[in-house]
file input-v2.pdb (PDB, C-alpha atoms)
ATOM      1  CA  MET I   1      -7.506   3.346   9.687  1.00  0.00           C
ATOM      2  CA  GLU I   2      -7.599  -0.421   9.008  1.00  0.00           C
ATOM      3  CA  ARG I   3      -4.824  -1.006   6.487  1.00  0.00           C
ATOM      4  CA  PRO I   4      -3.371  -4.336   7.688  1.00  0.00           C
ATOM      5  CA  SER I   5       0.387  -4.122   8.372  1.00  0.00           C
ATOM      6  CA  TYR I   6       0.238  -0.304   8.114  1.00  0.00           C
ATOM      7  CA  GLN I   7      -2.633   0.932  10.293  1.00  0.00           C
ATOM      8  CA  TYR I   8      -4.993  -1.233  12.320  1.00  0.00           C
ATOM      9  CA  ALA I   9      -6.399  -1.661  15.810  1.00  0.00           C
ATOM     10  CA  ASP I  10      -5.386  -4.683  17.868  1.00  0.00           C
ATOM     11  CA  LYS I  11      -7.725  -6.696  20.092  1.00  0.00           C
ATOM     12  CA  ARG I  12      -7.462  -4.029  22.776  1.00  0.00           C
ATOM     13  CA  LYS I  13      -8.326  -1.298  20.232  1.00  0.00           C
ATOM     14  CA  ARG I  14      -4.788   0.104  20.316  1.00  0.00           C
ATOM     15  CA  PRO I  15      -3.324   1.469  17.056  1.00  0.00           C
ATOM     16  CA  GLN I  16      -0.674  -0.789  15.518  1.00  0.00           C
ATOM     17  CA  GLY I  17       1.228  -1.230  12.250  1.00  0.00           C
ATOM     18  CA  PHE I  18       4.142   0.251  10.329  1.00  0.00           C
ATOM     19  CA  ASP I  19       2.676   3.755  10.033  1.00  0.00           C
ATOM     20  CA  ILE I  20       1.942   3.813  13.762  1.00  0.00           C
ATOM     21  CA  ASP I  21       5.419   2.618  14.776  1.00  0.00           C
ATOM     22  CA  TYR I  22       6.947   5.001  12.248  1.00  0.00           C
ATOM     23  CA  MET I  23       5.099   8.003  13.681  1.00  0.00           C
ATOM     24  CA  ARG I  24       6.199   6.981  17.173  1.00  0.00           C
ATOM     25  CA  ALA I  25       9.782   6.991  15.847  1.00  0.00           C
ATOM     26  CA  VAL I  26       9.168  10.449  14.344  1.00  0.00           C
ATOM     27  CA  GLY I  27       7.866  11.628  17.716  1.00  0.00           C
ATOM     28  CA  LYS I  28      10.976  10.304  19.448  1.00  0.00           C
ATOM     29  CA  ASP I  29      13.222  11.925  16.813  1.00  0.00           C
ATOM     30  CA  LEU I  30      11.471  15.286  17.250  1.00  0.00           C
ATOM     31  CA  SER I  31      11.056  14.930  21.034  1.00  0.00           C
ATOM     32  CA  CYS I  32       7.296  15.384  20.846  1.00  0.00           C
ATOM     33  CA  ASP I  33       4.201  13.392  21.760  1.00  0.00           C
ATOM     34  CA  ILE I  34       2.031  11.824  19.039  1.00  0.00           C
ATOM     35  CA  GLU I  35      -1.747  11.540  19.351  1.00  0.00           C
ATOM     36  CA  PHE I  36      -3.515   9.187  16.935  1.00  0.00           C
ATOM     37  CA  ARG I  37      -7.120   9.743  15.903  1.00  0.00           C
ATOM     38  CA  ARG I  38      -9.174   7.079  14.160  1.00  0.00           C
ATOM     39  CA  LEU I  39     -11.480   8.777  11.653  1.00  0.00           C
ATOM     40  CA  PRO I  40     -13.221   7.925   8.351  1.00  0.00           C
ATOM     41  CA  TRP I  41     -11.258   9.267   5.371  1.00  0.00           C
ATOM     42  CA  ILE I  42     -13.810  11.948   4.452  1.00  0.00           C
ATOM     43  CA  ARG I  43     -13.826  13.269   8.001  1.00  0.00           C
ATOM     44  CA  GLN I  44     -10.001  13.182   8.108  1.00  0.00           C
ATOM     45  CA  THR I  45      -9.731  15.508   5.123  1.00  0.00           C
ATOM     46  CA  LYS I  46     -12.445  17.818   6.497  1.00  0.00           C
ATOM     47  CA  GLU I  47     -10.697  18.099   9.853  1.00  0.00           C
ATOM     48  CA  MET I  48      -7.362  18.627   8.121  1.00  0.00           C
ATOM     49  CA  LYS I  49      -8.807  21.538   6.156  1.00  0.00           C
ATOM     50  CA  ALA I  50     -10.465  22.829   9.322  1.00  0.00           C
ATOM     51  CA  GLY I  51      -7.098  22.857  11.079  1.00  0.00           C
ATOM     52  CA  SER I  52      -7.844  20.362  13.853  1.00  0.00           C
ATOM     53  CA  ILE I  53      -5.234  17.722  12.921  1.00  0.00           C
ATOM     54  CA  ASP I  54      -1.620  18.035  11.761  1.00  0.00           C
ATOM     55  CA  LEU I  55      -0.940  15.066   9.471  1.00  0.00           C
ATOM     56  CA  LEU I  56      -2.679  12.314   7.547  1.00  0.00           C
ATOM     57  CA  LEU I  57      -0.789   9.057   7.032  1.00  0.00           C
ATOM     58  CA  GLY I  58      -0.391   6.802   4.008  1.00  0.00           C
ATOM     59  CA  VAL I  59      -1.315   9.133   1.131  1.00  0.00           C
ATOM     60  CA  PHE I  60      -0.602   8.606  -2.591  1.00  0.00           C
ATOM     61  CA  LYS I  61       0.167  11.461  -4.950  1.00  0.00           C
ATOM     62  CA  THR I  62      -2.778  11.536  -7.348  1.00  0.00           C
ATOM     63  CA  GLY I  63      -2.323  14.751  -9.311  1.00  0.00           C
ATOM     64  CA  LYS I  64      -1.795  18.476  -8.932  1.00  0.00           C
ATOM     65  CA  SER I  65      -2.144  19.992  -5.484  1.00  0.00           C
ATOM     66  CA  SER I  66      -5.194  22.167  -4.808  1.00  0.00           C
ATOM     67  CA  GLY I  67      -2.997  24.560  -2.842  1.00  0.00           C
ATOM     68  CA  THR I  68      -4.811  23.771   0.396  1.00  0.00           C
ATOM     69  CA  MET I  69      -2.771  20.634   1.134  1.00  0.00           C
ATOM     70  CA  ALA I  70       0.855  19.596   0.659  1.00  0.00           C
ATOM     71  CA  LEU I  71       2.732  16.276   0.645  1.00  0.00           C
ATOM     72  CA  SER I  72       5.839  15.327   2.565  1.00  0.00           C
ATOM     73  CA  ASP I  73       8.715  13.441   1.008  1.00  0.00           C
ATOM     74  CA  SER I  74       7.965   9.743   0.560  1.00  0.00           C
ATOM     75  CA  TYR I  75       8.485   7.832   3.802  1.00  0.00           C
ATOM     76  CA  ARG I  76       7.681   4.348   2.476  1.00  0.00           C
ATOM     77  CA  ASN I  77       6.478   2.482  -0.573  1.00  0.00           C
ATOM     78  CA  ASP I  78       3.209   0.603  -0.882  1.00  0.00           C
ATOM     79  CA  PRO I  79       3.984  -2.728  -2.604  1.00  0.00           C
ATOM     80  CA  VAL I  80       1.292  -4.211  -4.836  1.00  0.00           C
ATOM     81  CA  GLY I  81       2.034  -7.864  -5.457  1.00  0.00           C
ATOM     82  CA  PHE I  82       1.160 -10.137  -8.358  1.00  0.00           C
ATOM     83  CA  TYR I  83       0.125 -13.440  -6.736  1.00  0.00           C
ATOM     84  CA  VAL I  84      -0.564 -16.874  -8.189  1.00  0.00           C
ATOM     85  CA  HIS I  85      -1.285 -20.286  -6.728  1.00  0.00           C
ATOM     86  CA  LYS I  86       1.965 -22.136  -6.030  1.00  0.00           C
ATOM     87  CA  SER I  87       1.027 -24.817  -8.575  1.00  0.00           C
ATOM     88  CA  ASP I  88       1.071 -22.195 -11.362  1.00  0.00           C
ATOM     89  CA  VAL I  89       4.446 -20.570 -10.672  1.00  0.00           C
ATOM     90  CA  LYS I  90       6.256 -22.496 -13.432  1.00  0.00           C
ATOM     91  CA  LEU I  91       3.686 -21.292 -15.977  1.00  0.00           C
ATOM     92  CA  ILE I  92       4.661 -17.681 -15.326  1.00  0.00           C
ATOM     93  CA  GLY I  93       8.405 -17.859 -15.987  1.00  0.00           C
ATOM     94  CA  ARG I  94       9.681 -14.418 -17.011  1.00  0.00           C
ATOM     95  CA  LYS I  95       6.589 -13.528 -19.029  1.00  0.00           C
ATOM     96  CA  SER I  96       5.031 -10.088 -18.864  1.00  0.00           C
ATOM     97  CA  ILE I  97       1.380  -9.642 -17.955  1.00  0.00           C
ATOM     98  CA  SER I  98       0.639  -8.855 -21.601  1.00  0.00           C
ATOM     99  CA  GLN I  99       2.222 -12.137 -22.680  1.00  0.00           C
ATOM    100  CA  LEU I 100       0.216 -14.069 -20.090  1.00  0.00           C
ATOM    101  CA  MET I 101      -3.005 -12.430 -21.244  1.00  0.00           C
ATOM    102  CA  GLU I 102      -2.403 -13.579 -24.815  1.00  0.00           C
ATOM    103  CA  GLY I 103      -3.376 -17.051 -23.603  1.00  0.00           C
ATOM    104  CA  ASN I 104      -6.218 -18.029 -21.267  1.00  0.00           C
ATOM    105  CA  PHE I 105      -4.820 -16.265 -18.209  1.00  0.00           C
ATOM    106  CA  ARG I 106      -7.460 -14.519 -16.063  1.00  0.00           C
ATOM    107  CA  LEU I 107      -6.433 -11.730 -13.719  1.00  0.00           C
ATOM    108  CA  GLY I 108      -8.194 -10.224 -10.709  1.00  0.00           C
ATOM    109  CA  ILE I 109      -7.638  -6.664  -9.464  1.00  0.00           C
ATOM    110  CA  ILE I 110      -9.194  -4.519  -6.720  1.00  0.00           C
ATOM    111  CA  GLY I 111     -10.066  -0.902  -7.436  1.00  0.00           C
ATOM    112  CA  HIS I 112      -7.870   1.664  -9.118  1.00  0.00           C
ATOM    113  CA  ASP I 113      -4.787   1.379  -6.944  1.00  0.00           C
ATOM    114  CA  THR I 114      -3.896  -2.295  -7.459  1.00  0.00           C
ATOM    115  CA  LYS I 115      -3.416  -2.186 -11.198  1.00  0.00           C
ATOM    116  CA  SER I 116      -0.021  -1.512 -12.716  1.00  0.00           C
ATOM    117  CA  ILE I 117       0.593   0.803 -15.652  1.00  0.00           C
ATOM    118  CA  GLU I 118       0.677  -2.285 -17.877  1.00  0.00           C
ATOM    119  CA  VAL I 119      -2.701  -3.545 -16.602  1.00  0.00           C
ATOM    120  CA  ALA I 120      -4.250  -0.063 -16.970  1.00  0.00           C
ATOM    121  CA  ARG I 121      -3.109  -0.076 -20.593  1.00  0.00           C
ATOM    122  CA  LEU I 122      -4.571  -3.557 -21.200  1.00  0.00           C
ATOM    123  CA  LEU I 123      -7.933  -2.495 -19.757  1.00  0.00           C
ATOM    124  CA  LYS I 124      -8.296  -0.006 -22.597  1.00  0.00           C
ATOM    125  CA  LYS I 125      -8.289  -2.847 -25.137  1.00  0.00           C
ATOM    126  CA  PRO I 126     -11.594  -4.743 -25.520  1.00  0.00           C
ATOM    127  CA  ARG I 127      -9.954  -8.136 -26.107  1.00  0.00           C
ATOM    128  CA  TYR I 128      -8.311  -7.997 -22.674  1.00  0.00           C
ATOM    129  CA  GLN I 129     -11.178  -6.479 -20.704  1.00  0.00           C
ATOM    130  CA  ARG I 130     -13.068  -9.759 -20.357  1.00  0.00           C
ATOM    131  CA  LYS I 131      -9.936 -11.433 -18.954  1.00  0.00           C
ATOM    132  CA  ILE I 132      -9.438  -8.875 -16.172  1.00  0.00           C
ATOM    133  CA  SER I 133     -11.961  -9.044 -13.326  1.00  0.00           C
ATOM    134  CA  LYS I 134     -12.534  -6.060 -11.030  1.00  0.00           C
ATOM    135  CA  ILE I 135     -13.215  -7.659  -7.659  1.00  0.00           C
ATOM    136  CA  LYS I 136     -14.723  -5.805  -4.687  1.00  0.00           C
ATOM    137  CA  SER I 137     -12.485  -7.002  -1.861  1.00  0.00           C
ATOM    138  CA  ALA I 138      -9.219  -8.742  -1.057  1.00  0.00           C
ATOM    139  CA  GLN I 139     -11.154 -11.571   0.591  1.00  0.00           C
ATOM    140  CA  ALA I 140     -13.198 -12.211  -2.558  1.00  0.00           C
ATOM    141  CA  LEU I 141     -10.098 -12.085  -4.749  1.00  0.00           C
ATOM    142  CA  LEU I 142      -8.288 -14.570  -2.497  1.00  0.00           C
ATOM    143  CA  ARG I 143     -11.266 -16.935  -2.582  1.00  0.00           C
ATOM    144  CA  ASN I 144     -11.356 -16.788  -6.379  1.00  0.00           C
ATOM    145  CA  LEU I 145      -7.618 -17.346  -6.593  1.00  0.00           C
ATOM    146  CA  ASN I 146      -7.671 -20.356  -4.282  1.00  0.00           C
ATOM    147  CA  ARG I 147     -10.602 -21.839  -6.183  1.00  0.00           C
ATOM    148  CA  LYS I 148      -8.723 -21.116  -9.445  1.00  0.00           C
ATOM    149  CA  LEU I 149     -11.596 -19.058 -10.824  1.00  0.00           C
ATOM    150  CA  ILE I 150      -8.805 -16.627 -11.705  1.00  0.00           C
ATOM    151  CA  ASN I 151      -5.156 -17.451 -12.425  1.00  0.00           C
ATOM    152  CA  GLY I 152      -3.550 -14.433 -10.796  1.00  0.00           C
ATOM    153  CA  GLY I 153      -4.407 -11.488  -8.586  1.00  0.00           C
ATOM    154  CA  MET I 154      -2.958  -8.089  -7.737  1.00  0.00           C
ATOM    155  CA  LEU I 155      -3.190  -7.274  -4.035  1.00  0.00           C
ATOM    156  CA  HIS I 156      -1.650  -4.884  -1.560  1.00  0.00           C
ATOM    157  CA  SER I 157       1.253  -6.989  -0.302  1.00  0.00           C
ATOM    158  CA  ALA I 158       0.899  -5.540   3.187  1.00  0.00           C
ATOM    159  CA  GLU I 159      -2.481  -7.269   3.469  1.00  0.00           C
ATOM    160  CA  VAL I 160      -0.999 -10.583   2.351  1.00  0.00           C
ATOM    161  CA  ASP I 161       1.953 -10.171   4.750  1.00  0.00           C
ATOM    162  CA  TYR I 162      -0.481  -9.519   7.586  1.00  0.00           C
ATOM    163  CA  LEU I 163      -2.499 -12.637   6.721  1.00  0.00           C
ATOM    164  CA  HIS I 164       0.733 -14.662   6.642  1.00  0.00           C
ATOM    165  CA  SER I 165       1.595 -13.320  10.099  1.00  0.00           C
ATOM    166  CA  ILE I 166      -1.652 -14.738  11.536  1.00  0.00           C
ATOM    167  CA  ASN I 167      -1.350 -18.006   9.534  1.00  0.00           C
ATOM    168  CA  ASP I 168      -4.488 -17.389   7.501  1.00  0.00           C
ATOM    169  CA  PRO I 169      -5.056 -20.413   5.209  1.00  0.00           C
ATOM    170  CA  MET I 170      -6.259 -18.130   2.396  1.00  0.00           C
ATOM    171  CA  VAL I 171      -2.649 -17.112   1.636  1.00  0.00           C
ATOM    172  CA  ARG I 172      -0.853 -20.355   2.514  1.00  0.00           C
ATOM    173  CA  ASP I 173      -0.556 -21.570  -1.092  1.00  0.00           C
ATOM    174  CA  LEU I 174       0.037 -18.216  -2.781  1.00  0.00           C
ATOM    175  CA  LYS I 175       3.341 -17.143  -4.298  1.00  0.00           C
ATOM    176  CA  LEU I 176       4.487 -13.617  -5.053  1.00  0.00           C
ATOM    177  CA  ILE I 177       5.826 -12.967  -8.564  1.00  0.00           C
ATOM    178  CA  PRO I 178       8.203 -10.011  -7.986  1.00  0.00           C
ATOM    179  CA  HIS I 179       8.863  -9.036 -11.617  1.00  0.00           C
ATOM    180  CA  LEU I 180       5.113  -8.515 -12.217  1.00  0.00           C
ATOM    181  CA  SER I 181       4.646  -6.516  -9.008  1.00  0.00           C
ATOM    182  CA  PHE I 182       5.260  -2.853  -8.296  1.00  0.00           C
ATOM    183  CA  THR I 183       5.457  -0.266  -5.537  1.00  0.00           C
ATOM    184  CA  LYS I 184       4.061   3.260  -5.199  1.00  0.00           C
ATOM    185  CA  PRO I 185       5.564   6.026  -3.043  1.00  0.00           C
ATOM    186  CA  VAL I 186       3.556   7.029   0.019  1.00  0.00           C
ATOM    187  CA  HIS I 187       3.567  10.374   1.827  1.00  0.00           C
ATOM    188  CA  PHE I 188       2.235  12.303   4.798  1.00  0.00           C
ATOM    189  CA  ILE I 189      -0.104  15.164   3.972  1.00  0.00           C
ATOM    190  CA  THR I 190      -0.829  18.352   5.859  1.00  0.00           C
ATOM    191  CA  GLY I 191      -3.230  21.225   5.311  1.00  0.00           C
ATOM    192  CA  ARG I 192      -2.510  24.910   4.880  1.00  0.00           C
ATOM    193  CA  ASP I 193      -4.776  25.585   7.862  1.00  0.00           C
ATOM    194  CA  ALA I 194      -3.435  22.730  10.011  1.00  0.00           C
ATOM    195  CA  PRO I 195      -2.127  23.871  13.416  1.00  0.00           C
ATOM    196  CA  ARG I 196       1.512  23.849  12.294  1.00  0.00           C
ATOM    197  CA  GLY I 197       0.939  24.704   8.606  1.00  0.00           C
ATOM    198  CA  PHE I 198       3.020  23.864   5.558  1.00  0.00           C
ATOM    199  CA  ASP I 199       6.315  24.743   7.263  1.00  0.00           C
ATOM    200  CA  PHE I 200       5.839  21.707   9.506  1.00  0.00           C
ATOM    201  CA  LEU I 201       6.588  19.506   6.479  1.00  0.00           C
ATOM    202  CA  LYS I 202      10.193  20.710   6.472  1.00  0.00           C
ATOM    203  CA  THR I 203      10.529  19.374  10.003  1.00  0.00           C
ATOM    204  CA  ILE I 204       8.847  16.076   9.026  1.00  0.00           C
ATOM    205  CA  ASN I 205      11.035  15.703   5.919  1.00  0.00           C
ATOM    206  CA  GLY I 206      14.133  16.142   8.078  1.00  0.00           C
ATOM    207  CA  SER I 207      12.925  13.380  10.383  1.00  0.00           C
ATOM    208  CA  ILE I 208      12.183  11.090   7.390  1.00  0.00           C
ATOM    209  CA  LYS I 209      15.799  11.485   6.222  1.00  0.00           C
ATOM    210  CA  ARG I 210      17.233  10.831   9.688  1.00  0.00           C
ATOM    211  CA  LEU I 211      15.126   7.697  10.264  1.00  0.00           C
ATOM    212  CA  GLU I 212      16.197   6.345   6.889  1.00  0.00           C
ATOM    213  CA  SER I 213      19.885   7.071   7.489  1.00  0.00           C
ATOM    214  CA  LYS I 214      19.733   5.320  10.891  1.00  0.00           C
ATOM    215  CA  GLY I 215      18.145   2.216   9.342  1.00  0.00           C
ATOM    216  CA  ILE I 216      14.970   2.583  11.400  1.00  0.00           C
ATOM    217  CA  THR I 217      12.705   2.698   8.324  1.00  0.00           C
ATOM    218  CA  ASN I 218      14.043  -0.612   6.969  1.00  0.00           C
ATOM    219  CA  GLN I 219      13.903  -2.167  10.428  1.00  0.00           C
ATOM    220  CA  LEU I 220      10.184  -1.368  10.688  1.00  0.00           C
ATOM    221  CA  LEU I 221       9.510  -2.518   7.118  1.00  0.00           C
ATOM    222  CA  ARG I 222      11.126  -5.891   7.811  1.00  0.00           C
ATOM    223  CA  LYS I 223       8.905  -6.216  10.863  1.00  0.00           C
ATOM    224  CA  HIS I 224       5.617  -5.248   9.208  1.00  0.00           C
ATOM    225  CA  VAL I 225       5.934  -5.547   5.386  1.00  0.00           C
ATOM    226  CA  PRO I 226       8.736  -7.990   4.446  1.00  0.00           C
ATOM    227  CA  SER I 227       7.542  -8.303   0.842  1.00  0.00           C
ATOM    228  CA  ASP I 228       8.573  -4.671   0.282  1.00  0.00           C
ATOM    229  CA  PHE I 229      12.151  -5.927  -0.130  1.00  0.00           C
ATOM    230  CA  GLU I 230      11.155  -8.382  -2.885  1.00  0.00           C
ATOM    231  CA  ILE I 231       9.427  -5.834  -5.138  1.00  0.00           C
ATOM    232  CA  LEU I 232      11.858  -3.479  -6.855  1.00  0.00           C
ATOM    233  CA  ILE I 233       9.770  -1.909  -9.645  1.00  0.00           C
ATOM    234  CA  GLN I 234       8.512   1.535  -8.616  1.00  0.00           C
ATOM    235  CA  GLU I 235       5.713   3.302 -10.454  1.00  0.00           C
ATOM    236  CA  LYS I 236       4.858   6.967  -9.967  1.00  0.00           C
TER     237      LYS I 236
END

call {"tool": "encode", "arguments": {"input": "input-v2.pdb", "output": "structure tokens"}}
result
Amino acid sequence: MERPSYQYADKRKRPQGFDIDYMRAVGKDLSCDIEFRRLPWIRQTKEMKAGSIDLLLGVFKTGKSSGTMALSDSYRNDPVGFYVHKSDVKLIGRKSISQLMEGNFRLGIIGHDTKSIEVARLLKKPRYQRKISKIKSAQALLRNLNRKLINGGMLHSAEVDYLHSINDPMVRDLKLIPHLSFTKPVHFITGRDAPRGFDFLKTINGSIKRLESKGITNQLLRKHVPSDFEILIQEK
């Protein structure tokens, strides 16, 4: 767990976030109880394959299925925002990232899942590589952005939304640039040997459709991840 705005434990160690509220809504829709287990990712996948848990939350499609696991329909998007200091917003205009990088613009990213297709393409070109910094954590990227050691940063918007919700000064002066941001579809995943098996996904997919049609999905997104409604570019 510990994906701010999606999955986290509150001060009383209770699970909270969009994914948690969403699964509670699924449980209500299906008239069943939901039990949450907080496990490291490696152990989650092992227990899924061993058949001791039914679903994992918040999974990206990364390639071909091994045949031992299967994805549900997408139940939300994961917005990745392009952020700059508020004093630099006018410098961005409607430029693309490539156009910004032609000048002295320096960009910070975290890991493989916060870079857009455009940034991944730029990283293959030596003249851009020195202008794109791979930073270890969101906290370090935010520090560098506030100190203007970099001009822009790509972050999971859910983390920024969460920091806004607790009035963290690290995000007070940041502005989201929607046309340089993107979202990725997110799924549930189940294992072939999970207690309810692959057929359970048909039941889950039905619930996903019903929650969307009733407006419950958008209601929870507005509560937990408001920036999702500002970012309209979806990448696969």

call {"tool": "resolve_selection", "arguments": {"input": "input-v2.pdb", "expression": "the PyMOL selection byres ((chain I and resi 7) around 10)", "output": "PyMOL selection string"}}
result
chain I and resi 1-6+8-10+15-21+38+57-58

call {"tool": "resolve_selection", "arguments": {"input": "input-v2.pdb", "expression": "the PyMOL selection byres ((chain I and resi 88) around 12)", "output": "PyMOL selection string"}}
result
chain I and resi 83-87+89-93+100+105+145-146+148+150-152+173-177

call {"tool": "atom_distance", "arguments": {"input": "input-v2.pdb", "atom1": "CA of His187 (chain I)", "atom2": "CA of Ser137 (chain I)"}}
result
23.9 Å

call {"tool": "closest_residue", "arguments": {"input": "input-v2.pdb", "among": "I:Leu220, I:Val225, I:Leu142, I:Ile97", "to": "Ala158 (chain I)", "atoms": "only C-alpha atoms"}}
result
I:Val225

call {"tool": "closest_residue", "arguments": {"input": "input-v2.pdb", "among": "I:Ser52, I:Ser31, I:Asn218, I:Thr62", "to": "Pro195 (chain I)", "atoms": "only C-alpha atoms"}}
result
I:Ser52

call {"tool": "atom_distance", "arguments": {"input": "input-v2.pdb", "atom1": "CA of Val80 (chain I)", "atom2": "CA of Thr183 (chain I)"}}
result
5.8 Å

call {"tool": "atom_distance", "arguments": {"input": "input-v2.pdb", "atom1": "CA of Lys125 (chain I)", "atom2": "CA of Met101 (chain I)"}}
result
11.6 Å

call {"tool": "residues_around", "arguments": {"input": "input-v2.pdb", "residues": "Ser96 (chain I)", "least_positions_apart": "6", "cutoff": "10 Å", "atoms": "all atoms listed in the file", "output": "MDAnalysis selection string"}}
result
chainID I and resid 118 179:180

call {"tool": "resolve_selection", "arguments": {"input": "input-v2.pdb", "expression": "the PyMOL selection byres ((chain I and resi 133) around 9)", "output": "list in words"}}
result
Arg106, Leu107, Gly108, Ile109, Ile110, Gln129, Arg130, Lys131, Ile132, Lys134, Ile135 and Ile150 of chain I

call {"tool": "closest_atom_pairs", "arguments": {"input": "input-v2.pdb", "of": "region 106-206 of chain I", "to": "region 74-79 of chain I", "cutoff": "8 Å", "atoms": "all atoms listed in the file", "output": "tab-separated table"}}
result
residue	atom	partner	partner_atom	distance
I:His156	CA	I:Pro79	CA	6.1
I:Ser157	CA	I:Pro79	CA	5.6
I:Ala158	CA	I:Pro79	CA	7.1
I:Ser181	CA	I:Pro79	CA	7.5
I:Phe182	CA	I:Pro79	CA	5.8
I:Thr183	CA	I:Pro79	CA	4.1
I:Lys184	CA	I:Asp78	CA	5.1
I:Pro185	CA	I:Asn77	CA	4.4
I:Val186	CA	I:Ser74	CA	5.2
I:His187	CA	I:Ser74	CA	4.6
I:Phe188	CA	I:Ser74	CA	7.6

call {"tool": "closest_residue", "arguments": {"input": "input-v2.pdb", "among": "I:Tyr22, I:Phe200, I:Phe82, I:Phe60", "to": "Leu141 (chain I)", "atoms": "only C-alpha atoms"}}
result
I:Phe82

call {"tool": "residues_around", "arguments": {"input": "input-v2.pdb", "residues": "Ala194 (chain I)", "least_positions_apart": "3", "cutoff": "8 Å", "atoms": "all atoms listed in the file", "output": "list in words"}}
result
Met48, Lys49, Ala50, Gly51, Ser52, Ile53, Asp54, Thr190, Gly191, Gly197 and Phe198 of chain I

call {"tool": "axis_aligned_box", "arguments": {"input": "input-v2.pdb", "around": "region 124-141 of chain I", "padding_each_side": "4 Å", "output": "JSON"}}
result
{"center_x": -11.5, "center_y": -6.1, "center_z": -12.8, "size_x": 14.4, "size_y": 20.2, "size_z": 34.7}

call {"tool": "closest_residue", "arguments": {"input": "input-v2.pdb", "among": "I:Asp29, I:Lys11, I:Thr45, I:Ser98", "to": "Lys214 (chain I)", "atoms": "all atoms listed in the file"}}
result
I:Asp29

call {"tool": "closest_residue", "arguments": {"input": "input-v2.pdb", "among": "I:Asp161, I:Glu47, I:Asp168, I:Glu102", "to": "Arg222 (chain I)", "atoms": "only C-alpha atoms"}}
result
I:Asp161

call {"tool": "residues_around", "arguments": {"input": "input-v2.pdb", "residues": "Arg143 (chain I)", "least_positions_apart": "6", "cutoff": "10 Å", "atoms": "all atoms listed in the file", "output": "PyMOL selection string"}}
result
chain I and resi 149-150+170-171
